[in-house]
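Engineer: Starting off with a structure, shown below.
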Amino acid sequence: MKSAQRHLAAIFIVVASLLGAASCVSVPSSGPIEKVEGQQPPCQNCVNVEVAPPTPGDEPRQIVEGYLRATSNYQPNYSVAKQFLTRMAAEKWSPEGGASIYRGLVTAMGKNTVELEGVLVGSLRPDRTYKAADQRLKWKFVLRQENGEWRIENPPSGLMVAEFSFKPFYQAYDLYFIGNGSSLVPDPIYLPALSNPANVASALMKALLNGPSTWLNSAVSSAIPPNTSLSVDSVTITDGIAEVQLSDSVLALPDPQRSLLAAQIVYTLRQVGGVKGVLIKVNQQPYRVPGSDPNSLVVSVEAIPRDMDPIPFVAGEQLYAVDHGGAVKLVTTTNDSPTVSPLSGPLGDGEYDVDALAVSVTNTDLALTTDSKTTLLRAPIATGQPRTLLREAKELLRPQFTRYGEIWDIGQQGGKQRMWMFTTDKKTDKKIEVVSPVLRDGNVTAFKISPDGARMALVRNTATGPELGLARITRSDKIVVDGWQAVDTTQSNPPAINRIVDVAWLDATELMVVGAANTDTANAPFRVVQDASRITKEGEPENWDAVEVTVLPRTQTAIIIGRGGQTWKDNGSQWVPFVGKVSTIAYPG
């Protein structure tokens, strides 16, 4: 075990003030375990590891290795980890002070010095969100003897979590907030993988009450009043019903706000194993929410309107494609054997030489670029008769519909790259130029708005090469897209993606990225968590070089287009040949 520890790859995760600070998640580090009444399913991803304290006569290197094991594995109060420290260091060190992450080696440098050298690969910000890193790391542990035993006198601040321990001991959860006043938006955080569901639920509720992350804050709202707290410090779970006792600040909320509040709480707590519904209480009395059970006032998962779901329900799974002649086609799949037929009207006849297209969530409208990416059109699918939204632009990107019926696009006009949003009111199209600082720092080559409509993934070329990032969409007096947050796909731990040509959302928090490690490698699809905490290759590109991807997030069905116009569809286990001779293809949404 000790030999393996010397070579373990680790992640330093900064969990600033994890226990108890107002802006951070509270997780139990001491005290009794909360009782959970009723039948509770076992924790599926939790690991209980007994961490050994120091052994009399341990050398400095063994002390450091033991300390790393003790801080890598979640333990209440981390009392074992403190035993590897001097008395003064143990008094000052706190597991709430954060954590650091490395991949590297532990080396004895002298009689009382042990060096930890490697790579810093990640951190958790104070608001619990993950940030990838790829930096050199070096830390010298200095030890001295107390009562004849070696102990560490200068531990790094906070926890040190080994990479192989991060997955079983930390788990990603989503907090849910409100986008555009009507839909739920996930805000991913990480918590220790606590074995008790009630403890997980309590930590999630406290995090939810603290509000959204710093980055997402301007793009979302919360129906929970800002001064709301848990009137009882923990959430209890009985027969699958989580009981949440809130302060009386929520009593004045009108019914629409109560519905939003309940949706935030239910979607957040349904991630806890076995939770089927939520009973909200105020002053020990059940809190009425529209749609709750009329007798118990329990709000079930099914009671939340489905149009609030972070991933909208699309009207069917009809595929649309553009052939090499610029005509719009309907692609119908029966038993995985696709058939192609022309769309009714002039678009299907090839009169407009379509470059790219998007389909509304309602499966009623198309957005199209034509005339060598200089004109943006809108057309009802029923007639195929387009009307013009934008002329005299250049290099228009593939447009997109949001769940709110808006059409977005990016293109060149007036000597610079611009971003537009189009809305329709009584068949009158309104053009809004979006304020977007993210366009100033690079040339955007691809974009995709998240299913919830509050975030945008973009690929842009910069002086140092292509980069992937997220921006937030703020809807207020002006529509603003800002807050560029890089998604680091170039980390030294493979697979690295240094060339990126397209991006799509697989679900509410994961992306499918088309790219390659370098210019000598064929483009392939990769699954990328939005914070770059995990990147995996999604199949081998054999005889095709991917240039575009379309995804139906509700089912995570993905289709890749190669340079020759041949498409491949992900059937769940492998990519299989699909339709050929198309220049672009799109699902609704």
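Each chain of the structure tokens is named A, B, ... in the order shown, its residues numbered from 1; ligands are numbered from 1 in display order.
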Do a neighbour search on Pro466 of chain A at 10 Å with only C-alpha atoms, toss out local chain neighbours closer than 3 positions, and write the hits as a PyMOL selection string.
Structural biologist: chain A and resi 442-445+459-463+497-501
Engineer: Can you write just those residues out, N, CA and C atoms, as a PDB file, in the first residue's frame?
Structural biologist:
```
ATOM      1  N   GLY A 442     -11.677  36.624 -29.297  1.00  0.00           N
ATOM      2  CA  GLY A 442     -11.397  35.550 -30.251  1.00  0.00           C
ATOM      3  C   GLY A 442     -12.495  35.433 -31.273  1.00  0.00           C
ATOM      4  N   ASN A 443     -12.234  34.707 -32.323  1.00  0.00           N
ATOM      5  CA  ASN A 443     -13.202  34.497 -33.390  1.00  0.00           C
ATOM      6  C   ASN A 443     -13.989  33.220 -33.105  1.00  0.00           C
ATOM      7  N   VAL A 444     -15.274  33.356 -32.769  1.00  0.00           N
ATOM      8  CA  VAL A 444     -16.099  32.197 -32.456  1.00  0.00           C
ATOM      9  C   VAL A 444     -16.380  31.417 -33.731  1.00  0.00           C
ATOM     10  N   THR A 445     -16.149  30.108 -33.680  1.00  0.00           N
ATOM     11  CA  THR A 445     -16.352  29.247 -34.844  1.00  0.00           C
ATOM     12  C   THR A 445     -17.521  28.288 -34.671  1.00  0.00           C
ATOM     13  N   VAL A 459     -16.852  27.656 -29.144  1.00  0.00           N
ATOM     14  CA  VAL A 459     -15.503  27.350 -29.602  1.00  0.00           C
ATOM     15  C   VAL A 459     -14.988  28.604 -30.294  1.00  0.00           C
ATOM     16  N   ARG A 460     -13.817  29.056 -29.911  1.00  0.00           N
ATOM     17  CA  ARG A 460     -13.280  30.251 -30.560  1.00  0.00           C
ATOM     18  C   ARG A 460     -11.787  30.099 -30.804  1.00  0.00           C
ATOM     19  N   ASN A 461     -11.347  30.701 -31.891  1.00  0.00           N
ATOM     20  CA  ASN A 461      -9.931  30.722 -32.222  1.00  0.00           C
ATOM     21  C   ASN A 461      -9.279  31.947 -31.607  1.00  0.00           C
ATOM     22  N   THR A 462      -8.145  31.744 -30.987  1.00  0.00           N
ATOM     23  CA  THR A 462      -7.384  32.838 -30.398  1.00  0.00           C
ATOM     24  C   THR A 462      -5.956  32.789 -30.922  1.00  0.00           C
ATOM     25  N   ALA A 463      -5.152  33.722 -30.478  1.00  0.00           N
ATOM     26  CA  ALA A 463      -3.762  33.772 -30.923  1.00  0.00           C
ATOM     27  C   ALA A 463      -2.985  32.526 -30.512  1.00  0.00           C
ATOM     28  N   ILE A 497      -7.633  17.491 -25.985  1.00  0.00           N
ATOM     29  CA  ILE A 497      -8.256  17.948 -27.231  1.00  0.00           C
ATOM     30  C   ILE A 497      -7.675  19.330 -27.529  1.00  0.00           C
ATOM     31  N   ASN A 498      -6.775  19.406 -28.463  1.00  0.00           N
ATOM     32  CA  ASN A 498      -6.117  20.668 -28.790  1.00  0.00           C
ATOM     33  C   ASN A 498      -6.707  21.338 -30.022  1.00  0.00           C
ATOM     34  N   ARG A 499      -7.445  20.579 -30.816  1.00  0.00           N
ATOM     35  CA  ARG A 499      -8.132  21.138 -31.987  1.00  0.00           C
ATOM     36  C   ARG A 499      -9.614  20.827 -31.853  1.00  0.00           C
ATOM     37  N   ILE A 500     -10.464  21.865 -31.931  1.00  0.00           N
ATOM     38  CA  ILE A 500     -11.906  21.690 -31.728  1.00  0.00           C
ATOM     39  C   ILE A 500     -12.652  22.314 -32.902  1.00  0.00           C
ATOM     40  N   VAL A 501     -13.598  21.567 -33.472  1.00  0.00           N
ATOM     41  CA  VAL A 501     -14.351  22.076 -34.622  1.00  0.00           C
ATOM     42  C   VAL A 501     -15.836  22.255 -34.333  1.00  0.00           C
TER      43      VAL A 501
END
```
Engineer: I'd like a table as JSON lines: residues in segment 164-185 of chain A with an atom no more than 12 Å from segment 502-523 of chain A, each row giving the shortest atom pair and its distance in Å to one decimal, only C-alpha atoms counted, sorted by chain and rising residue number.
Structural biologist:
```
{"residue": "A:Ala172", "atom": "CA", "partner": "A:Thr509", "partner_atom": "CA", "distance": 10.7}
{"residue": "A:Tyr173", "atom": "CA", "partner": "A:Thr509", "partner_atom": "CA", "distance": 10.6}
{"residue": "A:Asp174", "atom": "CA", "partner": "A:Thr509", "partner_atom": "CA", "distance": 9.0}
{"residue": "A:Leu175", "atom": "CA", "partner": "A:Thr509", "partner_atom": "CA", "distance": 11.7}
{"residue": "A:Tyr176", "atom": "CA", "partner": "A:Ala508", "partner_atom": "CA", "distance": 11.2}
{"residue": "A:Leu184", "atom": "CA", "partner": "A:Ala508", "partner_atom": "CA", "distance": 10.1}
{"residue": "A:Val185", "atom": "CA", "partner": "A:Ala508", "partner_atom": "CA", "distance": 8.1}
```
Engineer: Export, as a compact mmCIF listing (two decimals), in the first residue's frame, the selected residues with all heavy atoms.
Structural biologist:
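Contents of again16.txt, as written:
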```
# COMPACT_ATOMS: atom_id res chain seq x y z
N ALA A 172 -20.57 14.52 -7.66
CA ALA A 172 -21.16 15.71 -8.28
C ALA A 172 -22.67 15.72 -8.05
O ALA A 172 -23.34 14.70 -8.21
CB ALA A 172 -20.86 15.73 -9.77
N TYR A 173 -23.17 16.88 -7.67
CA TYR A 173 -24.61 17.11 -7.52
C TYR A 173 -24.95 18.42 -8.22
O TYR A 173 -24.08 19.27 -8.42
CB TYR A 173 -25.02 17.22 -6.05
CG TYR A 173 -24.87 15.95 -5.25
CD1 TYR A 173 -23.72 15.71 -4.51
CD2 TYR A 173 -25.88 14.99 -5.23
CE1 TYR A 173 -23.57 14.55 -3.76
CE2 TYR A 173 -25.74 13.83 -4.48
CZ TYR A 173 -24.58 13.62 -3.76
OH TYR A 173 -24.46 12.46 -3.02
N ASP A 174 -26.21 18.58 -8.56
CA ASP A 174 -26.68 19.83 -9.16
C ASP A 174 -27.62 20.54 -8.20
O ASP A 174 -28.55 19.94 -7.68
CB ASP A 174 -27.42 19.56 -10.48
CG ASP A 174 -26.50 19.02 -11.56
OD1 ASP A 174 -25.34 19.44 -11.61
OD2 ASP A 174 -26.96 18.17 -12.35
N LEU A 175 -27.35 21.82 -7.98
CA LEU A 175 -28.32 22.69 -7.35
C LEU A 175 -29.16 23.30 -8.47
O LEU A 175 -28.64 23.55 -9.56
CB LEU A 175 -27.63 23.80 -6.55
CG LEU A 175 -26.58 23.37 -5.54
CD1 LEU A 175 -25.94 24.58 -4.89
CD2 LEU A 175 -27.17 22.43 -4.49
N TYR A 176 -30.42 23.58 -8.22
CA TYR A 176 -31.29 24.07 -9.29
C TYR A 176 -31.81 25.47 -8.98
O TYR A 176 -32.34 25.74 -7.91
CB TYR A 176 -32.45 23.10 -9.53
CG TYR A 176 -31.99 21.85 -10.23
CD1 TYR A 176 -31.61 20.72 -9.52
CD2 TYR A 176 -31.88 21.81 -11.63
CE1 TYR A 176 -31.15 19.58 -10.16
CE2 TYR A 176 -31.43 20.66 -12.27
CZ TYR A 176 -31.07 19.56 -11.54
OH TYR A 176 -30.61 18.44 -12.18
N LEU A 184 -35.73 25.37 -14.97
CA LEU A 184 -34.70 25.04 -14.00
C LEU A 184 -33.33 24.97 -14.66
O LEU A 184 -33.17 24.43 -15.77
CB LEU A 184 -35.01 23.71 -13.33
CG LEU A 184 -36.22 23.73 -12.38
CD1 LEU A 184 -36.64 22.32 -12.01
CD2 LEU A 184 -35.92 24.55 -11.14
N VAL A 185 -32.33 25.51 -13.97
CA VAL A 185 -30.96 25.54 -14.47
C VAL A 185 -30.06 24.86 -13.45
O VAL A 185 -30.05 25.24 -12.28
CB VAL A 185 -30.48 26.99 -14.69
CG1 VAL A 185 -29.04 27.01 -15.20
CG2 VAL A 185 -31.40 27.73 -15.66
```
Engineer: Provide the atom CA of Pro60 of chain A to atom CA of Met88 of chain A distance in Å, to one decimal place.
Structural biologist: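 Distance between the two atoms: 17.6 Å.
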Engineer: Rounded to one decimal in Å, what is the spacing between atom CA of Ala496 of chain A and atom CA of Arg136 of chain A?
Structural biologist: 17.4 Å
Engineer: Which neighbours of segment 482-492 of chain A fall inside 9 Å, counting only C-alpha atoms, when residues of the same chain fewer than 3 positions from it are skipped, and could you give them as number ranges by chain?
Structural biologist: A: 121, 131-134, 215-216, 435-438, 467-474, 495-498, 517, 528-532, 535
Engineer: Could you give me, as a VMD selection string, the residues within 10 Å of Glu395 of chain A, counting only C-alpha atoms and dropping anything in the same chain fewer than 6 positions from it?
Structural biologist: chain A and resid 369 372 to 375 410 to 413 417 445
Engineer: Could you pull out all residues of segment 63-202 of chain A with a DSSP call of alpha helix (DSSP H) and give them as a PyMOL selection string?
Structural biologist: chain A and resi 63-72+79-82+87-92+163-169+197-202
Engineer: Could you list, as a ChimeraX atom specification, every residue within 10 Å of Leu204 of chain A, counting only C-alpha atoms and ignoring same-chain residues fewer than 5 positions away?
Structural biologist: /A:25-27,173-175,189-191,198-199,209-210,235,265,268-269,271-272
Engineer: Using 6 Å as the limit and counting only C-alpha atoms, can you tabulate each residue of segment 294-339 of chain A that touches segment 343-354 of chain A, with its shortest atom-to-atom distance in Å and the two atoms involved, as a tab-separated table?
Structural biologist:
```
residue	atom	partner	partner_atom	distance
A:Gly326	CA	A:Asp353	CA	4.0
A:Ala327	CA	A:Gly350	CA	3.9
A:Val328	CA	A:Gly348	CA	4.7
A:Lys329	CA	A:Leu343	CA	5.2
A:Leu330	CA	A:Leu343	CA	5.9
```
Engineer: Write out as a ChimeraX atom specification all residues of segment 116-203 of chain A that DSSP puts in strand (DSSP E) for this structure's backbone.
Structural biologist: /A:116-124,130-146,149-152,159-162,170-179,183-192
Engineer: Restrict the selected residues to C-alpha atoms and save them as a PDB file, in the first residue's frame.
Structural biologist:
```
ATOM      1  CA  LEU A 116       5.866  16.205  -2.783  1.00  0.00           C
ATOM      2  CA  GLU A 117       6.321  17.064  -6.469  1.00  0.00           C
ATOM      3  CA  GLY A 118       3.840  16.709  -9.290  1.00  0.00           C
ATOM      4  CA  VAL A 119       1.042  18.454 -11.136  1.00  0.00           C
ATOM      5  CA  LEU A 120      -1.888  20.429  -9.757  1.00  0.00           C
ATOM      6  CA  VAL A 121      -4.864  19.234 -11.765  1.00  0.00           C
ATOM      7  CA  GLY A 122      -7.977  20.691 -10.146  1.00  0.00           C
ATOM      8  CA  SER A 123      -9.673  22.596  -7.368  1.00  0.00           C
ATOM      9  CA  LEU A 124     -13.063  23.339  -5.915  1.00  0.00           C
ATOM     10  CA  TYR A 130     -14.852  22.523  -9.837  1.00  0.00           C
ATOM     11  CA  LYS A 131     -12.016  24.209 -11.707  1.00  0.00           C
ATOM     12  CA  ALA A 132      -9.585  22.177 -13.778  1.00  0.00           C
ATOM     13  CA  ALA A 133      -5.900  23.054 -13.526  1.00  0.00           C
ATOM     14  CA  ASP A 134      -2.671  21.841 -15.086  1.00  0.00           C
ATOM     15  CA  GLN A 135       0.146  23.408 -13.091  1.00  0.00           C
ATOM     16  CA  ARG A 136       3.418  22.298 -11.592  1.00  0.00           C
ATOM     17  CA  LEU A 137       3.199  21.554  -7.886  1.00  0.00           C
ATOM     18  CA  LYS A 138       5.948  21.261  -5.269  1.00  0.00           C
ATOM     19  CA  TRP A 139       5.552  21.145  -1.495  1.00  0.00           C
ATOM     20  CA  LYS A 140       8.231  20.468   1.106  1.00  0.00           C
ATOM     21  CA  PHE A 141       6.959  18.863   4.295  1.00  0.00           C
ATOM     22  CA  VAL A 142       9.145  19.744   7.262  1.00  0.00           C
ATOM     23  CA  LEU A 143       8.984  17.354  10.202  1.00  0.00           C
ATOM     24  CA  ARG A 144      10.310  17.444  13.742  1.00  0.00           C
ATOM     25  CA  GLN A 145      10.203  15.035  16.620  1.00  0.00           C
ATOM     26  CA  GLU A 146       7.676  15.245  19.440  1.00  0.00           C
ATOM     27  CA  GLU A 149       8.106  10.547  17.063  1.00  0.00           C
ATOM     28  CA  TRP A 150       8.292  12.392  13.742  1.00  0.00           C
ATOM     29  CA  ARG A 151       5.389  14.750  13.032  1.00  0.00           C
ATOM     30  CA  ILE A 152       4.621  17.288  10.259  1.00  0.00           C
ATOM     31  CA  LEU A 159      -7.446  18.709   2.527  1.00  0.00           C
ATOM     32  CA  MET A 160      -5.308  16.819   0.039  1.00  0.00           C
ATOM     33  CA  VAL A 161      -7.392  14.350  -1.958  1.00  0.00           C
ATOM     34  CA  ALA A 162      -5.713  11.653  -4.033  1.00  0.00           C
ATOM     35  CA  TYR A 170     -16.544  13.118  -3.828  1.00  0.00           C
ATOM     36  CA  GLN A 171     -19.728  13.178  -5.851  1.00  0.00           C
ATOM     37  CA  ALA A 172     -21.156  15.713  -8.277  1.00  0.00           C
ATOM     38  CA  TYR A 173     -24.609  17.109  -7.522  1.00  0.00           C
ATOM     39  CA  ASP A 174     -26.676  19.826  -9.160  1.00  0.00           C
ATOM     40  CA  LEU A 175     -28.324  22.692  -7.352  1.00  0.00           C
ATOM     41  CA  TYR A 176     -31.289  24.074  -9.294  1.00  0.00           C
ATOM     42  CA  PHE A 177     -32.137  27.716  -9.895  1.00  0.00           C
ATOM     43  CA  ILE A 178     -34.558  29.550 -12.195  1.00  0.00           C
ATOM     44  CA  GLY A 179     -33.678  30.647 -15.714  1.00  0.00           C
ATOM     45  CA  SER A 183     -37.130  26.807 -16.290  1.00  0.00           C
ATOM     46  CA  LEU A 184     -34.696  25.043 -14.002  1.00  0.00           C
ATOM     47  CA  VAL A 185     -30.957  25.544 -14.473  1.00  0.00           C
ATOM     48  CA  PRO A 186     -28.420  23.156 -12.903  1.00  0.00           C
ATOM     49  CA  ASP A 187     -25.431  24.505 -10.987  1.00  0.00           C
ATOM     50  CA  PRO A 188     -22.980  21.612 -10.378  1.00  0.00           C
ATOM     51  CA  ILE A 189     -21.149  21.293  -7.073  1.00  0.00           C
ATOM     52  CA  TYR A 190     -19.127  18.545  -5.378  1.00  0.00           C
ATOM     53  CA  LEU A 191     -19.715  17.050  -1.932  1.00  0.00           C
ATOM     54  CA  PRO A 192     -18.058  14.195  -0.067  1.00  0.00           C
TER      55      PRO A 192
END
```
